[in-house]
>>> print(open('run_12.cif').read())   # mmCIF, C-alpha atoms
data_final
#
loop_
_atom_site.label_atom_id
_atom_site.label_comp_id
_atom_site.auth_asym_id
_atom_site.auth_seq_id
_atom_site.Cartn_x
_atom_site.Cartn_y
_atom_site.Cartn_z
CA MET A 94 -20.20 145.00 -40.11
CA THR A 95 -20.23 147.53 -37.27
CA ALA A 96 -21.65 144.88 -34.93
CA LEU A 97 -18.93 142.41 -35.94
CA ALA A 98 -16.20 144.99 -35.43
CA GLY A 99 -17.68 145.88 -32.06
CA ALA A 100 -17.76 142.21 -31.09
CA LEU A 101 -14.08 141.82 -31.98
CA VAL A 102 -13.11 144.95 -30.07
CA GLY A 103 -15.29 143.93 -27.12
CA ALA A 104 -13.91 140.39 -27.03
CA THR A 105 -10.32 141.67 -27.08
CA ALA A 106 -10.93 144.26 -24.37
CA GLY A 107 -12.90 141.79 -22.26
CA ALA A 108 -10.19 139.13 -22.53
CA LEU A 109 -7.47 141.59 -21.53
CA GLY A 110 -9.54 142.88 -18.63
CA GLY A 111 -10.46 139.38 -17.47
CA ALA A 112 -6.83 138.27 -17.55
CA LEU A 113 -5.99 141.05 -15.07
CA VAL A 114 -8.75 140.07 -12.63
CA PRO A 115 -7.35 137.04 -10.71
CA LEU A 116 -4.89 138.88 -8.48
CA PRO A 117 -7.27 141.71 -7.46
CA ALA A 118 -9.93 139.04 -6.88
CA TYR A 119 -7.55 137.13 -4.61
CA ARG A 120 -6.66 140.26 -2.65
CA LEU A 121 -10.29 141.28 -2.19
CA SER A 122 -11.70 137.81 -1.42
CA VAL A 123 -11.60 138.24 2.35
CA PRO A 124 -14.25 138.11 5.09
CA ARG A 125 -16.35 141.20 5.72
CA ASP A 126 -14.55 143.98 7.64
CA SER A 127 -11.17 142.32 7.03
CA PRO A 128 -8.32 144.18 5.29
CA VAL A 129 -7.41 143.16 1.77
CA ARG A 130 -4.68 140.57 1.46
CA ALA A 131 -1.28 142.23 1.31
CA THR A 132 0.84 139.08 1.14
CA CYS A 133 0.67 135.63 -0.42
CA GLU A 134 -0.81 133.09 2.00
CA THR A 135 1.64 130.46 0.74
CA CYS A 136 5.00 132.23 0.91
CA GLU A 137 4.08 135.60 2.52
CA ALA A 138 5.58 137.52 -0.40
CA PRO A 139 4.15 141.06 -0.80
CA LEU A 140 1.39 141.31 -3.41
CA ALA A 141 0.77 143.99 -6.00
CA TRP A 142 -2.62 144.52 -7.64
CA TRP A 143 -1.31 143.29 -10.98
CA GLY A 144 1.88 141.71 -12.26
CA ARG A 145 3.75 138.48 -11.66
CA ARG A 146 2.58 136.16 -8.94
CA CYS A 147 4.69 133.77 -6.89
CA HIS A 148 1.90 131.18 -6.97
CA ARG A 149 -1.36 130.69 -8.82
CA LEU A 150 -3.50 132.96 -6.70
CA GLY A 151 -7.18 133.37 -7.32
CA PRO A 152 -9.10 131.88 -10.26
CA PRO A 153 -7.17 130.78 -13.37
CA TRP A 154 -6.42 133.79 -15.58
CA TRP A 155 -7.40 131.94 -18.75
CA LEU A 156 -10.85 131.17 -17.34
CA LEU A 157 -11.62 134.78 -16.43
CA ALA A 158 -10.12 135.96 -19.71
CA THR A 159 -12.53 133.64 -21.53
CA VAL A 160 -15.50 134.88 -19.50
CA GLY A 161 -14.43 138.47 -20.15
CA ALA A 162 -14.08 137.80 -23.87
CA VAL A 163 -17.57 136.29 -24.11
CA ALA A 164 -19.09 139.15 -22.12
CA GLY A 165 -17.21 141.75 -24.17
CA ALA A 166 -18.12 140.14 -27.48
CA GLY A 167 -21.81 140.21 -26.63
CA LEU A 168 -21.67 143.83 -25.54
CA GLY A 169 -19.66 144.76 -28.63
CA TRP A 170 -22.26 143.10 -30.84
CA ARG A 171 -24.98 145.01 -29.01
CA PHE A 172 -23.38 148.47 -29.20
CA GLY A 173 -21.09 148.19 -32.20
CA LEU A 174 -18.31 150.77 -32.20
CA SER A 175 -20.44 153.44 -30.56
CA VAL A 176 -19.15 155.39 -27.57
CA ALA A 177 -21.76 153.63 -25.42
CA LEU A 178 -19.66 150.47 -25.68
CA VAL A 179 -17.00 151.94 -23.35
CA PRO A 180 -18.99 152.19 -20.08
CA TYR A 181 -20.71 148.86 -20.71
CA LEU A 182 -17.35 147.17 -21.30
CA LEU A 183 -16.07 148.67 -18.05
CA LEU A 184 -19.15 147.28 -16.32
CA GLY A 185 -18.49 143.90 -17.94
CA VAL A 186 -14.91 143.68 -16.64
CA LEU A 187 -16.03 144.86 -13.21
CA GLY A 188 -18.70 142.18 -13.32
CA VAL A 189 -16.09 139.47 -13.92
CA LEU A 190 -14.17 140.72 -10.88
CA LEU A 191 -17.27 140.91 -8.67
CA ALA A 192 -18.43 137.44 -9.71
CA ALA A 193 -15.02 135.95 -8.90
CA ILE A 194 -15.02 137.57 -5.44
CA ASP A 195 -18.61 136.57 -4.68
CA LEU A 196 -17.93 132.95 -5.63
CA ALA A 197 -14.81 132.92 -3.45
CA CYS A 198 -16.17 134.49 -0.26
CA ARG A 199 -19.88 135.27 -0.83
CA ARG A 200 -19.61 139.05 -0.65
CA LEU A 201 -19.60 142.02 -3.00
CA PRO A 202 -17.13 144.61 -1.67
CA ASN A 203 -18.52 148.08 -1.05
CA ALA A 204 -15.15 149.44 -2.13
CA LEU A 205 -15.98 148.31 -5.67
CA VAL A 206 -19.76 148.58 -5.94
CA GLN A 207 -20.38 151.97 -4.36
CA PRO A 208 -17.81 153.94 -6.41
CA ALA A 209 -19.03 152.12 -9.52
CA ILE A 210 -22.56 153.47 -8.94
CA GLY A 211 -21.26 157.04 -8.89
CA ALA A 212 -18.93 156.49 -11.85
CA GLY A 213 -21.72 154.79 -13.80
CA ALA A 214 -24.07 157.71 -13.18
CA VAL A 215 -21.43 160.17 -14.44
CA LEU A 216 -20.66 158.13 -17.55
CA LEU A 217 -24.32 157.66 -18.42
CA ALA A 218 -24.97 161.36 -17.87
CA ALA A 219 -22.19 162.12 -20.35
CA LEU A 220 -23.80 159.74 -22.85
CA SER A 221 -27.23 161.28 -22.27
CA VAL A 222 -26.51 164.81 -23.49
CA GLY A 223 -29.50 165.52 -25.70
CA ASP A 224 -31.29 162.40 -24.46
CA TRP A 225 -32.35 163.31 -20.93
CA PRO A 226 -35.26 160.81 -20.88
CA ALA A 227 -32.68 158.01 -21.06
CA LEU A 228 -30.84 159.44 -18.06
CA ALA A 229 -34.07 159.80 -16.11
CA ARG A 230 -34.97 156.22 -17.00
CA ALA A 231 -31.53 155.10 -15.77
CA GLY A 232 -32.16 156.73 -12.40
CA LEU A 233 -35.61 155.21 -12.15
CA GLY A 234 -34.23 151.83 -13.21
CA ALA A 235 -31.72 151.99 -10.36
CA LEU A 236 -34.50 152.84 -7.89
CA VAL A 237 -36.85 150.13 -9.18
CA LEU A 238 -34.29 147.32 -9.31
CA GLY A 239 -32.60 148.35 -6.07
CA GLY A 240 -35.98 148.72 -4.33
CA ALA A 241 -37.15 145.32 -5.55
CA TYR A 242 -34.00 143.61 -4.28
CA LEU A 243 -34.20 145.49 -0.99
CA ALA A 244 -37.77 144.25 -0.48
CA LEU A 245 -36.65 140.69 -1.25
CA ALA A 246 -33.64 140.96 1.06
CA LEU A 247 -35.87 142.01 3.96
CA LEU A 248 -38.15 138.98 3.60
CA PRO A 249 -37.75 136.33 6.34
CA GLY A 250 -35.38 133.60 5.21
CA ALA A 251 -34.21 135.53 2.16
CA ASN A 252 -30.84 134.47 0.79
CA LEU A 253 -30.00 137.95 -0.45
CA GLY A 254 -27.51 140.31 1.17
CA PHE A 255 -27.25 144.07 1.03
CA GLY A 256 -24.31 143.70 -1.33
CA ASP A 257 -26.79 142.24 -3.80
CA VAL A 258 -29.07 145.24 -3.25
CA LYS A 259 -26.26 147.67 -4.05
CA LEU A 260 -25.30 145.66 -7.12
CA ALA A 261 -28.94 145.84 -8.21
CA VAL A 262 -28.76 149.65 -8.04
CA LEU A 263 -25.66 149.62 -10.25
CA LEU A 264 -27.18 147.22 -12.77
CA GLY A 265 -30.47 149.11 -12.72
CA LEU A 266 -28.65 152.25 -13.87
CA PHE A 267 -27.22 150.55 -16.94
CA LEU A 268 -30.32 148.51 -17.72
CA GLY A 269 -32.66 151.46 -17.24
CA TRP A 270 -30.61 153.60 -19.61
CA LEU A 271 -31.46 151.07 -22.33
CA GLY A 272 -35.15 150.49 -21.56
CA TRP A 273 -37.74 149.03 -19.23
CA ALA A 274 -37.65 145.64 -20.91
CA GLU A 275 -33.99 145.37 -19.89
CA VAL A 276 -34.86 146.32 -16.31
CA LEU A 277 -37.52 143.61 -16.19
CA GLY A 278 -35.05 141.09 -17.58
CA GLY A 279 -32.48 142.14 -15.00
CA LEU A 280 -35.04 141.47 -12.28
CA LEU A 281 -36.34 138.09 -13.44
CA LEU A 282 -33.47 136.39 -15.27
CA PRO A 283 -31.13 135.97 -12.25
CA PHE A 284 -33.73 133.85 -10.45
CA LEU A 285 -34.31 131.75 -13.57
CA LEU A 286 -30.56 131.19 -13.86
CA ASN A 287 -29.88 130.55 -10.18
CA GLY A 288 -32.78 128.14 -9.64
CA PRO A 289 -31.42 125.22 -11.71
CA VAL A 290 -27.94 125.71 -10.24
CA ALA A 291 -29.33 125.50 -6.71
CA LEU A 292 -31.33 122.37 -7.59
CA VAL A 293 -28.26 120.65 -9.02
CA LEU A 294 -26.18 121.51 -5.95
CA LEU A 295 -28.96 120.26 -3.67
CA ALA A 296 -29.27 117.02 -5.61
CA ALA A 297 -25.50 116.54 -5.41
CA ARG A 298 -25.62 117.30 -1.67
CA ARG A 299 -23.09 120.06 -2.09
CA VAL A 300 -25.34 122.52 -0.26
CA GLY A 301 -28.23 122.39 2.19
CA ARG A 302 -31.66 123.99 2.02
CA ARG A 303 -30.51 126.92 4.14
CA THR A 304 -27.11 127.40 2.50
CA MET A 305 -26.66 130.96 1.27
CA LEU A 306 -25.42 130.78 -2.31
CA PRO A 307 -23.62 133.67 -3.98
CA PHE A 308 -26.21 135.49 -6.06
CA GLY A 309 -24.00 138.14 -7.64
CA PRO A 310 -22.90 135.96 -10.59
CA ALA A 311 -26.53 135.21 -11.48
CA MET A 312 -27.41 138.91 -11.26
CA LEU A 313 -24.53 139.84 -13.55
CA ALA A 314 -25.28 137.05 -16.03
CA GLY A 315 -28.95 138.00 -16.04
CA ALA A 316 -28.12 141.64 -16.72
CA TRP A 317 -25.83 140.63 -19.59
CA LEU A 318 -28.54 138.45 -21.09
CA ALA A 319 -31.07 141.27 -20.70
CA ILE A 320 -28.76 143.65 -22.58
CA VAL A 321 -27.55 141.30 -25.29
CA GLY A 322 -30.35 138.75 -25.61
CA ARG A 323 -33.16 141.20 -26.28
CA HIS A 324 -31.08 142.89 -28.97
CA TRP A 325 -30.37 139.57 -30.68
CA LEU A 326 -34.02 138.56 -30.44
CA LEU A 327 -35.23 141.83 -31.99
CA GLY A 328 -32.66 141.45 -34.74
CA ALA A 329 -33.78 137.90 -35.47
CA LEU A 330 -37.40 139.03 -35.63
CA GLY A 331 -36.54 141.99 -37.78
CA GLY A 332 -37.57 144.46 -35.01
#
>>> encode(input="run_12.cif", output="structure tokens")
Amino acid sequence: MTALAGALVGATAGALGGALVPLPAYRLSVPRDSPVRATCETCEAPLAWWGRRCHRLGPPWWLLATVGAVAGAGLGWRFGLSVALVPYLLLGVLGVLLAAIDLACRRLPNALVQPAIGAGAVLLAALSVGDWPALARAGLGALVLGGAYLALALLPGANLGFGDVKLAVLLGLFLGWLGWAEVLGGLLLPFLLNGPVALVLLAARRVGRRTMLPFGPAMLAGAWLAIVGRHWLLGALGG
């Protein structure tokens, strides 16, 4: 019952958060070192971060609300109505925003990822009072996942950017707080998810062999599966 209630709360919060994402995503989907969009490219009307829009800017709100609801429902099922649900829901909504930006312009803004690492560390530290091994594991998870992605990004011909490395540090914090199995899933699952997508795009001639695909969405989806999927599997096995 607690898991079901958490799923309902998570789905509602995720849907509301996702519905607010399109306009910030539109404003932040700009080339590296460019200022955020301050006006609509169609009519040049000033833009706020949220509120009414003169045109349909950014991804459809209903699509991101649906993605947010699915992400939130899974996290709510995983954590129930525990206080741990709050930071993971915040990460989920941030993940929807980052994925939308990465798909639009193939970058993960430092202005979002870097503060999120600090905020995530503070929130997890607050959750870890009396459970310092979990906090230590979170720090090590950030180092392990970030270090692994850094090594991959430095390989010749790698299609990973340093934005992906910083995102790996953020995800490693949250995955490490839960356990090493989650960290391993967060490392491997993105490549398993991104591989078939790349093959389909190659077969459809939508991309070339050297085209750099956005990897952030696969990283975020893999982290979500590592958090939620292992919990469901253990529940199904009676673990």
>>> closest_residue(input="run_12.cif", among="A:Gly213, A:Trp273, A:Leu245, A:Ile194", to="Arg230 in chain A", atoms="all atoms listed in the file")
A:Trp273
>>> resolve_selection(input="run_12.cif", expression="the PyMOL selection byres ((chain A and resi 268) around 9)", output="list of chain:residue names")
A:Ala231, A:Gly234, A:Ala235, A:Leu263, A:Leu264, A:Gly265, A:Leu266, A:Phe267, A:Gly269, A:Trp270, A:Leu271, A:Gly272, A:Trp273, A:Ala274, A:Glu275, A:Val276, A:Leu277, A:Gly278, A:Gly279, A:Ala316, A:Ala319, A:Ile320
>>> resolve_selection(input="run_12.cif", expression="the PyMOL selection byres ((chain A and resi 106-114) around 7)", output="number ranges by chain")
A: 102-105, 115-118, 143, 154-155, 157-159, 161-162, 164-165, 186, 189-190
>>> atom_distance(input="run_12.cif", atom1="CA of Val290 in chain A", atom2="CA of Pro153 in chain A")
21.6 Å
>>> atom_distance(input="run_12.cif", atom1="CA of Pro249 in chain A", atom2="CA of Leu196 in chain A")
23.4 Å
>>> residues_around(input="run_12.cif", residues="Pro307 in chain A", least_positions_apart="2", cutoff="10 Å", atoms="all atoms listed in the file", output="VMD selection string")
chain A and resid 192 194 to 201 252 to 254 257 287 304 to 305 309 to 312
>>> atom_distance(input="run_12.cif", atom1="CA of Val258 in chain A", atom2="CA of Gly239 in chain A")
5.5 Å
>>> resolve_selection(input="run_12.cif", expression="the PyMOL selection byres ((chain A and resi 207) around 12)", output="ChimeraX atom specification")
/A:201-206,208-214,255-264
>>> write_last_selection(input="run_12.cif", atoms="C-alpha atoms", output="compact mmCIF listing (two decimals), in the frame of the given file")
# COMPACT_ATOMS: atom_id res chain seq x y z
CA LEU A 201 -19.60 142.02 -3.00
CA PRO A 202 -17.13 144.61 -1.67
CA ASN A 203 -18.52 148.08 -1.05
CA ALA A 204 -15.15 149.44 -2.13
CA LEU A 205 -15.98 148.31 -5.67
CA VAL A 206 -19.76 148.58 -5.94
CA PRO A 208 -17.81 153.94 -6.41
CA ALA A 209 -19.03 152.12 -9.52
CA ILE A 210 -22.56 153.47 -8.94
CA GLY A 211 -21.26 157.04 -8.89
CA ALA A 212 -18.93 156.49 -11.85
CA GLY A 213 -21.72 154.79 -13.80
CA ALA A 214 -24.07 157.71 -13.18
CA PHE A 255 -27.25 144.07 1.03
CA GLY A 256 -24.31 143.70 -1.33
CA ASP A 257 -26.79 142.24 -3.80
CA VAL A 258 -29.07 145.24 -3.25
CA LYS A 259 -26.26 147.67 -4.05
CA LEU A 260 -25.30 145.66 -7.12
CA ALA A 261 -28.94 145.84 -8.21
CA VAL A 262 -28.76 149.65 -8.04
CA LEU A 263 -25.66 149.62 -10.25
CA LEU A 264 -27.18 147.22 -12.77
>>> closest_residue(input="run_12.cif", among="A:Gly288, A:Gly167, A:Pro180, A:Gly232", to="Trp317 in chain A", atoms="only C-alpha atoms")
A:Gly167
>>> closest_residue(input="run_12.cif", among="A:Gly99, A:Pro226, A:Tyr242, A:Leu280", to="Ala177 in chain A", atoms="all atoms listed in the file")
A:Gly99
>>> closest_residue(input="run_12.cif", among="A:Leu168, A:Ala193, A:Ala246, A:Ala96", to="Arg120 in chain A", atoms="only C-alpha atoms")
A:Ala193
>>> axis_aligned_box(input="run_12.cif", around="range 218-237 of chain A", padding_each_side="3 Å", output="lines of an AutoDock Vina configuration file")
center_x = -29.5
center_y = 157.8
center_z = -16.8
size_x = 20.7
size_y = 21.4
size_z = 23.8
>>> closest_residue(input="run_12.cif", among="A:Ala251, A:Leu238, A:Leu216, A:Leu140", to="Leu183 in chain A", atoms="only C-alpha atoms")
A:Leu216
>>> closest_residue(input="run_12.cif", among="A:Leu191, A:Leu228, A:Val163, A:Cys133", to="Leu318 in chain A", atoms="all atoms listed in the file")
A:Val163
>>> build_atoms(input="run_12.cif", residues="range 121-136 of chain A", atoms="N, CA and C atoms", output="short mmCIF file (atom, residue, chain, number, x, y, z; two decimals), in the coordinates of the input")
data_model
loop_
_atom_site.label_atom_id
_atom_site.label_comp_id
_atom_site.auth_asym_id
_atom_site.auth_seq_id
_atom_site.Cartn_x
_atom_site.Cartn_y
_atom_site.Cartn_z
N LEU A 121 -9.03 140.77 -2.73
CA LEU A 121 -10.29 141.28 -2.19
C LEU A 121 -11.21 140.17 -1.65
N SER A 122 -10.86 138.92 -1.88
CA SER A 122 -11.70 137.81 -1.42
C SER A 122 -11.38 137.50 0.04
N VAL A 123 -11.85 138.37 0.92
CA VAL A 123 -11.60 138.24 2.35
C VAL A 123 -12.92 138.40 3.08
N PRO A 124 -13.00 137.94 4.33
CA PRO A 124 -14.25 138.11 5.09
C PRO A 124 -14.60 139.59 5.27
N ARG A 125 -15.86 139.84 5.51
CA ARG A 125 -16.35 141.20 5.72
C ARG A 125 -15.58 141.88 6.87
N ASP A 126 -15.26 143.15 6.66
CA ASP A 126 -14.55 143.98 7.64
C ASP A 126 -13.11 143.55 7.84
N SER A 127 -12.58 142.70 6.97
CA SER A 127 -11.17 142.32 7.03
C SER A 127 -10.38 143.12 6.00
N PRO A 128 -9.12 143.45 6.29
CA PRO A 128 -8.32 144.18 5.29
C PRO A 128 -8.01 143.30 4.09
N VAL A 129 -7.76 143.93 2.96
CA VAL A 129 -7.41 143.16 1.77
C VAL A 129 -6.09 142.44 2.02
N ARG A 130 -5.91 141.33 1.31
CA ARG A 130 -4.68 140.57 1.46
C ARG A 130 -3.51 141.39 0.92
N ALA A 131 -2.47 141.49 1.73
CA ALA A 131 -1.28 142.23 1.31
C ALA A 131 -0.13 141.29 0.96
N THR A 132 -0.22 140.03 1.39
CA THR A 132 0.84 139.08 1.14
C THR A 132 0.25 137.75 0.67
N CYS A 133 1.07 136.97 0.02
CA CYS A 133 0.67 135.63 -0.42
C CYS A 133 0.52 134.73 0.80
N GLU A 134 -0.58 133.98 0.86
CA GLU A 134 -0.81 133.09 2.00
C GLU A 134 0.14 131.90 1.99
N THR A 135 0.76 131.61 0.84
CA THR A 135 1.64 130.46 0.74
C THR A 135 3.07 130.79 1.16
N CYS A 136 3.60 131.91 0.64
CA CYS A 136 5.00 132.23 0.91
C CYS A 136 5.18 133.58 1.60
#
